[in-house]
Structures are given as structure tokens and as C-alpha cells.
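**Student:** Sharing a structure with you now.
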Amino acid sequence: MSRTGNQVGAPVAQAEGAAVKGADPAGGERLRRWRMVLGGGEGDGTGCVLSGRDAGMDAALGALYGGGGGRKAGGERSAGLGGSAPNVARWLGDIRTYFPSSVVQVMQRDAIERLGLSALLLEPEMLEAVEPDVHLVGTLLSLNKAMPETTKETARAVVRKVVEQLEKKLAARTRATLTGALDRSARISRPRHHDIDWDRTIRANLKNYLPEYRTVVPERLIGYGRAAQSVKKEVILCIDQSGSMAASVVYASVFGAVLASMRSIATRLVVFDTAVVDLTDQLDDPVDVLFGTQLGGGTDINRALAYCQSKITRPADTVVVLISDLYEGGIRNEMLKQVAAMKAAGVEFVTLLALSDEGAPAYDREHAAALAALGAPAFACTPDLFPDVMAAALEKRPLPMP
């Protein structure tokens, strides 16, 4: 089978691009390209023999996806990483030599899923060789309980590197967006010049438009004061920690730490499967939060929401964000009653099917429809959109659903 049938578009495309550099377009370049795509062997029909860097890339691809690069002289396939740590370590080094970081991450993910290499991530030398990303963090968290002590410090270092990258990328915009939302929530009728909300002021005074001067004469100024240092809003992040939600758990923990750093927002972070764990006291370090989770297991959304509801003291100033694929293992009707009760009390309730770059996963459509009927539509949210979703929830305006 050719590699194009094995979901390896990015690695093969990268191999093609590298293969053509410096090549003679009038020569056998087209055959070389097809050779990279088809993976070699008796069935590819190109008759092209690779050498040098091309052969190295082909071997790295063949070891993971098969179809070339790993054949013995007699034609017997020898592709594969085997079960030994030295082979995997060598392969990890090869792919980082031949491919850019984004492609390396895809190939690592495929190796873990296709070849069952999760156990090798329990070895410190393996963790030091891999390219860290959100998906690797999810895998490490799922292996947390099986991880030997000799590996835990290395694993924490890998997780911390990813968390710090995410915080650097997401924190500034999140704080700026939410600070603006909190400021706008404190409307005043006699604002200072730099506190005037010009958009609302113009709309409120359109009746005073003077055509001859092409201007609006504002009789009433609308503005917003600066948010005080006291707590203005409360946010509860309620996170499903079932195995399918791994990336969402990582992003939610980072956002939770960012929200907790804002004085005007009191943030609580709750994770759940069939049990409920409150990790609020660890929010100053999202790495501690992540290692406090236990990916996998069942799901009891009703129990988690009941716990969250018990912690609400100011419903009109509270936003509850449920991050879950909605596969409820508890009592469905009770779950919906919890949501209805919170909304009736004035709580802003947001349901995210995922908080990741991958889009919506498989989810319970019946439960999603039932929540939408209660005024809590469920949708997948990317990390880039999350600050805007939270700002809208804090201001009690329609959510910017994708």
C-alpha cells in the first residue's frame, strides 16, 4: 500500500519537498517524488533508488508507516521500530534531523498510537528525546499513575515546557480581553473623557443627529469606569477528565491559572470523572493541576455540577464553564435540572464540547440538544476563541460561537 493511504500527508509532503531541493527538474525528479509517495518495494513501479538524505528520510517514514526504507536485500520487509528503547531513541533523533518540529509532533503521535510506544515514554531517556506538545502531555498524564519515580521529574519538565509555551502564547491576550470586559461591566453615566464608550454613546444619541453639520450632539454620555481591585466576577471551570478530553484538560488548566492571576476574578477549577476533585488551591501552578488529574475512567456530570452549584455564592456574578463531551454516566435528568436551576438563579452557563485546536470530538448529541433548549448551547472552542467566549459570558451578551 502506498503511504498516501496511511494518513501521513504531512510527513510525506515534507519528504517530497526535501527530495526536490537541488535536483535537476529535467532528470528523474518526478520518479523520485513518486518513489517517496509510494514507499518503494516491488509494487511502486518507479525503479528509483534513493541515496543519502533521501534514503534516510525514506527509512524514517518506512519505520513508522511501512512500505519502504526498511527492506532487506532479499525484499523482506524489516520496517518498524521494534520494542527496544535504543531503536526508538535513534528513530526520534532521525526524524528531528529530517523534519520540522510540526511534522515531528505528528509522527510522534502516530508512533504512540500505531505502534503502542506508550510504555517507552516511562523511560527518562525517551522523554528527553521527544518533541513536547499538548498531545504528548495528554499521553504522559494518562500514564501518570504507572510512571516510575525515576521518570516523574523528567515528565514534569516536559509538561512544564509545554505549559510555559502555552502561557506565553495565551496569557496576555486573555488578561487584556477579560479586563476590558470587566471594565465595561461597570457602566457610569458621567464618565471622564477617556472612559467614554463612544459606540454606545453615539447609538444612544442618534436622535440628535444634525444633518447640516453631519454630526451627533450627545445629550447623554455613556461610559465605563475602571474595575476596582475587589472581586467582580466568579468563574468555575468544571472539566471532564475522561481520556478523550486530554487536550482540553491541558488548555483549561493553563487558562485557569491565567484567570486565577486576575484579582477581579475569583476562579475555581474542578475536575471530575465519577468522582469530583477541587484543584483550586493548586491554580498558581498549572503543572500541579495537571498532575492532580486522572485521565480516563467514567463520567458523572451531574455530581460535578451539584458540587459546583454548592460553591456559588453570587449567582448573578458567576460564570460556570462545563468542558465535556457530555457522555453522562450519572443521572441525565438531574444533570439538566442542575443547569436549569443555575440559569434560573442568574448564572451564566457555558458548555464547551472541547477546548482544543482539533474541533468537536464525538459527543452526546441528545444531551447537547437538551442543554441548548435550556439556553446553554454546546460547541467546541479553540484556545484562541476562549478569551472572547469568556468576555461575552462576563458581560452577559451572546457567545461568539464558531
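Residue numbering restarts at 1 for every chain of the C-alpha cells, chains are lettered A, B, ... in their displayed order, and ligands are numbered from 1 as they appear.
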Set the distance at 9 Å and use only C-alpha atoms: which residues neighbour Asp240 of chain A once local chain neighbours fewer than 3 positions away are removed? I'd like the list as a list in words.

**Tutor:**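 Those residues are Gly243, Met245, Ser248, Val249, Val270, Val271, Phe272, Asp273, Leu295, Thr299, Asp300, Ile301, Ala304, Leu322, Ile323, Ser324, Asp325 and Leu326 of chain A.
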
**Student:** Looking at A:Arg397, A:Ala392, A:Pro402, A:Glu167, which one is nearest to Gly359 of chain A, with distances taken over only C-alpha atoms?

**Tutor:** A:Pro402

**Student:** Which residues, written as a PyMOL selection string, have at least one atom at most 12 Å from Val339 of chain A, with only C-alpha atoms counted and residues fewer than 6 positions away on the same chain left out?

**Tutor:** chain A and resi 301-306+308-309+319-322+332-333+345-351+367+370-377

**Student:** Show me, as a ChimeraX atom specification, the residues that have an atom within 6 Å of Thr318 of chain A when counting only C-alpha atoms, minus same-chain residues fewer than 5 positions from it.

**Tutor:** /A:233-235,347

**Student:** Restricted to C-alpha atoms, what would the selected residues look like written as a short mmCIF file (atom, residue, chain, number, x, y, z; two decimals), in the first residue's frame?

**Tutor:**
```
data_model
loop_
_atom_site.label_atom_id
_atom_site.label_comp_id
_atom_site.auth_asym_id
_atom_site.auth_seq_id
_atom_site.Cartn_x
_atom_site.Cartn_y
_atom_site.Cartn_z
CA LYS A 233 -16.92 38.07 38.91
CA GLU A 234 -16.61 34.43 39.84
CA VAL A 235 -15.66 31.74 37.32
CA VAL A 347 -25.66 32.10 36.49
#
```

**Student:** Under the rule that only C-alpha atoms are counted, which of A:Glu164, A:Asp285, A:Glu29, A:Glu125 is the nearest residue to Thr150 of chain A?

**Tutor:**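 Checking each of A:Glu164, A:Asp285, A:Glu29, A:Glu125 against Thr150 of chain A, counting only C-alpha atoms, the winner is A:Glu125.
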
**Student:** Considering only C-alpha atoms, give me a table of residues in segment 283-384 of chain A that are at most 12 Å from segment 169-183 of chain A, with the closest atom pair and distance in Å for each, as a tab-separated table.

**Tutor:**
```
residue	atom	partner	partner_atom	distance
A:Asp317	CA	A:Leu182	CA	11.0
A:Thr382	CA	A:Leu170	CA	11.5
A:Pro383	CA	A:Leu170	CA	7.8
A:Asp384	CA	A:Leu170	CA	7.5
```

**Student:** Point out the residue among A:Val258, A:Ala362, A:Leu237, A:Leu221 with the least atom-to-atom distance to Val277 of chain A, counting only C-alpha atoms.

**Tutor:**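 Looking at the shortest contact to Val277 of chain A, the residue is A:Leu237.
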
**Student:** Name all residues at most 8 Å from Ser142 of chain A (count only C-alpha atoms; drop same-chain ones fewer than 3 positions away) and give them as an mmCIF file with all heavy atoms, in the first residue's frame.

**Tutor:**
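As a result, out.cif now contains:
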```cif
data_model
loop_
_atom_site.group_PDB
_atom_site.id
_atom_site.type_symbol
_atom_site.label_atom_id
_atom_site.label_comp_id
_atom_site.auth_asym_id
_atom_site.auth_seq_id
_atom_site.Cartn_x
_atom_site.Cartn_y
_atom_site.Cartn_z
ATOM 1 N N GLY A 138 -0.864 15.041 27.192
ATOM 2 C CA GLY A 138 -2.032 14.216 27.467
ATOM 3 C C GLY A 138 -1.664 12.758 27.665
ATOM 4 O O GLY A 138 -2.180 12.081 28.567
ATOM 5 N N THR A 139 -0.754 12.255 26.838
ATOM 6 C CA THR A 139 -0.308 10.864 26.969
ATOM 7 C C THR A 139 0.405 10.649 28.296
ATOM 8 O O THR A 139 0.176 9.661 28.994
ATOM 9 C CB THR A 139 0.628 10.490 25.807
ATOM 10 O OG1 THR A 139 -0.069 10.657 24.567
ATOM 11 C CG2 THR A 139 1.090 9.050 25.920
ATOM 12 N N LYS A 145 -0.086 7.469 36.753
ATOM 13 C CA LYS A 145 -0.116 6.530 37.882
ATOM 14 C C LYS A 145 0.853 5.360 37.690
ATOM 15 O O LYS A 145 1.303 4.752 38.659
ATOM 16 C CB LYS A 145 -1.532 6.000 38.084
ATOM 17 C CG LYS A 145 -2.559 7.077 38.407
ATOM 18 C CD LYS A 145 -2.167 7.883 39.637
ATOM 19 C CE LYS A 145 -3.201 8.943 39.945
ATOM 20 N NZ LYS A 145 -2.799 9.784 41.108
ATOM 21 N N GLY A 243 -10.586 10.196 29.226
ATOM 22 C CA GLY A 243 -9.411 10.114 28.359
ATOM 23 C C GLY A 243 -9.529 10.924 27.076
ATOM 24 O O GLY A 243 -8.543 11.465 26.584
ATOM 25 N N GLN A 294 -6.643 12.766 36.703
ATOM 26 C CA GLN A 294 -6.507 11.339 36.419
ATOM 27 C C GLN A 294 -7.304 11.044 35.165
ATOM 28 O O GLN A 294 -8.509 10.821 35.213
ATOM 29 C CB GLN A 294 -7.033 10.503 37.586
ATOM 30 C CG GLN A 294 -7.011 9.006 37.327
ATOM 31 C CD GLN A 294 -5.612 8.479 37.023
ATOM 32 O OE1 GLN A 294 -4.708 8.621 37.841
ATOM 33 N NE2 GLN A 294 -5.431 7.872 35.864
ATOM 34 N N LEU A 295 -6.631 11.116 34.007
ATOM 35 C CA LEU A 295 -7.328 10.920 32.742
ATOM 36 C C LEU A 295 -7.832 9.491 32.624
ATOM 37 O O LEU A 295 -7.122 8.538 32.939
ATOM 38 C CB LEU A 295 -6.403 11.243 31.569
ATOM 39 C CG LEU A 295 -6.012 12.720 31.423
ATOM 40 C CD1 LEU A 295 -5.033 12.880 30.273
ATOM 41 C CD2 LEU A 295 -7.233 13.579 31.191
ATOM 42 N N GLY A 296 -9.058 9.365 32.118
ATOM 43 C CA GLY A 296 -9.662 8.049 31.959
ATOM 44 C C GLY A 296 -10.779 7.848 32.961
ATOM 45 O O GLY A 296 -11.094 8.716 33.767
#
```

**Student:** Of the candidates A:Val49, A:Leu140, A:Ile196, A:Leu92, which shows the shortest atom-to-atom distance to Arg160 of chain A, using only C-alpha atoms?

**Tutor:** A:Leu140

**Student:** Using only C-alpha atoms, which residue out of A:Val104, A:Met335, A:Ala246, A:Ile95 lies closest to Arg53 of chain A?

**Tutor:**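 For Arg53 of chain A, the nearest of the given residues is A:Ile95.
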
**Student:** Point out the residue among A:Ile239, A:Leu336, A:Ile112, A:Leu283 with the least atom-to-atom distance to Ala368 of chain A, counting only C-alpha atoms.

**Tutor:**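 Nearest to Ala368 of chain A: A:Leu336.
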
**Student:** Using DSSP on the backbone coordinates, identify the residues of segment 77-299 of chain A assigned to strand (DSSP E); present them as a PyMOL selection string.

**Tutor:** chain A and resi 187-188+209-210+215-216+223-224+233-240+265-272+276-278

**Student:** So that I can check the surroundings of Ile202 of chain A, please list as an MDAnalysis selection string every protein, DNA and RNA residue that reaches within 12 Å of it, counting only C-alpha atoms and ignoring chain neighbours fewer than 2 positions away.

**Tutor:** chainID A and resid 196:200 204:209 215:223

**Student:** Next, write the just-selected residues to a file, as an mmCIF file, in the first residue's frame, keeping N, CA and C atoms as the atom set.

**Tutor:**
```cif
data_model
loop_
_atom_site.group_PDB
_atom_site.id
_atom_site.type_symbol
_atom_site.label_atom_id
_atom_site.label_comp_id
_atom_site.auth_asym_id
_atom_site.auth_seq_id
_atom_site.Cartn_x
_atom_site.Cartn_y
_atom_site.Cartn_z
ATOM 1 N N ILE A 196 -15.264 57.291 28.143
ATOM 2 C CA ILE A 196 -16.497 57.303 27.361
ATOM 3 C C ILE A 196 -16.533 56.094 26.422
ATOM 4 N N ASP A 197 -17.670 55.422 26.442
ATOM 5 C CA ASP A 197 -17.913 54.338 25.488
ATOM 6 C C ASP A 197 -18.569 54.987 24.273
ATOM 7 N N TRP A 198 -17.763 55.316 23.278
ATOM 8 C CA TRP A 198 -18.256 56.114 22.157
ATOM 9 C C TRP A 198 -19.284 55.367 21.321
ATOM 10 N N ASP A 199 -19.130 54.101 21.182
ATOM 11 C CA ASP A 199 -20.076 53.320 20.382
ATOM 12 C C ASP A 199 -21.471 53.393 20.985
ATOM 13 N N ARG A 200 -21.591 53.137 22.272
ATOM 14 C CA ARG A 200 -22.894 53.194 22.935
ATOM 15 C C ARG A 200 -23.412 54.632 23.020
ATOM 16 N N ALA A 204 -26.972 55.887 21.423
ATOM 17 C CA ALA A 204 -27.992 56.425 22.318
ATOM 18 C C ALA A 204 -28.426 57.839 21.930
ATOM 19 N N ASN A 205 -27.626 58.516 21.096
ATOM 20 C CA ASN A 205 -27.927 59.908 20.753
ATOM 21 C C ASN A 205 -28.183 60.124 19.259
ATOM 22 N N LEU A 206 -28.510 59.063 18.537
ATOM 23 C CA LEU A 206 -28.752 59.197 17.097
ATOM 24 C C LEU A 206 -29.913 60.147 16.794
ATOM 25 N N LYS A 207 -30.854 60.251 17.726
ATOM 26 C CA LYS A 207 -31.981 61.168 17.508
ATOM 27 C C LYS A 207 -31.522 62.626 17.455
ATOM 28 N N ASN A 208 -30.317 62.869 17.950
ATOM 29 C CA ASN A 208 -29.785 64.236 17.955
ATOM 30 C C ASN A 208 -28.834 64.493 16.793
ATOM 31 N N TYR A 209 -28.992 63.725 15.740
ATOM 32 C CA TYR A 209 -28.135 63.919 14.565
ATOM 33 C C TYR A 209 -28.516 65.207 13.845
ATOM 34 N N THR A 215 -23.203 65.619 12.130
ATOM 35 C CA THR A 215 -22.663 65.215 13.433
ATOM 36 C C THR A 215 -23.790 64.891 14.401
ATOM 37 N N VAL A 216 -23.442 64.227 15.471
ATOM 38 C CA VAL A 216 -24.380 63.904 16.540
ATOM 39 C C VAL A 216 -24.029 64.752 17.747
ATOM 40 N N VAL A 217 -25.045 65.393 18.326
ATOM 41 C CA VAL A 217 -24.840 66.174 19.553
ATOM 42 C C VAL A 217 -25.250 65.293 20.730
ATOM 43 N N PRO A 218 -24.304 64.812 21.514
ATOM 44 C CA PRO A 218 -24.648 63.898 22.614
ATOM 45 C C PRO A 218 -25.228 64.636 23.814
ATOM 46 N N GLU A 219 -26.456 64.295 24.145
ATOM 47 C CA GLU A 219 -27.060 64.841 25.363
ATOM 48 C C GLU A 219 -26.695 63.990 26.572
ATOM 49 N N ARG A 220 -26.429 62.726 26.308
ATOM 50 C CA ARG A 220 -26.133 61.799 27.406
ATOM 51 C C ARG A 220 -24.895 60.990 27.063
ATOM 52 N N LEU A 221 -23.919 61.047 27.932
ATOM 53 C CA LEU A 221 -22.685 60.278 27.743
ATOM 54 C C LEU A 221 -22.802 58.941 28.467
ATOM 55 N N ILE A 222 -22.328 57.905 27.803
ATOM 56 C CA ILE A 222 -22.295 56.573 28.415
ATOM 57 C C ILE A 222 -20.845 56.126 28.473
ATOM 58 N N GLY A 223 -20.449 55.652 29.608
ATOM 59 C CA GLY A 223 -19.051 55.224 29.745
ATOM 60 C C GLY A 223 -18.922 54.088 30.710
#
```
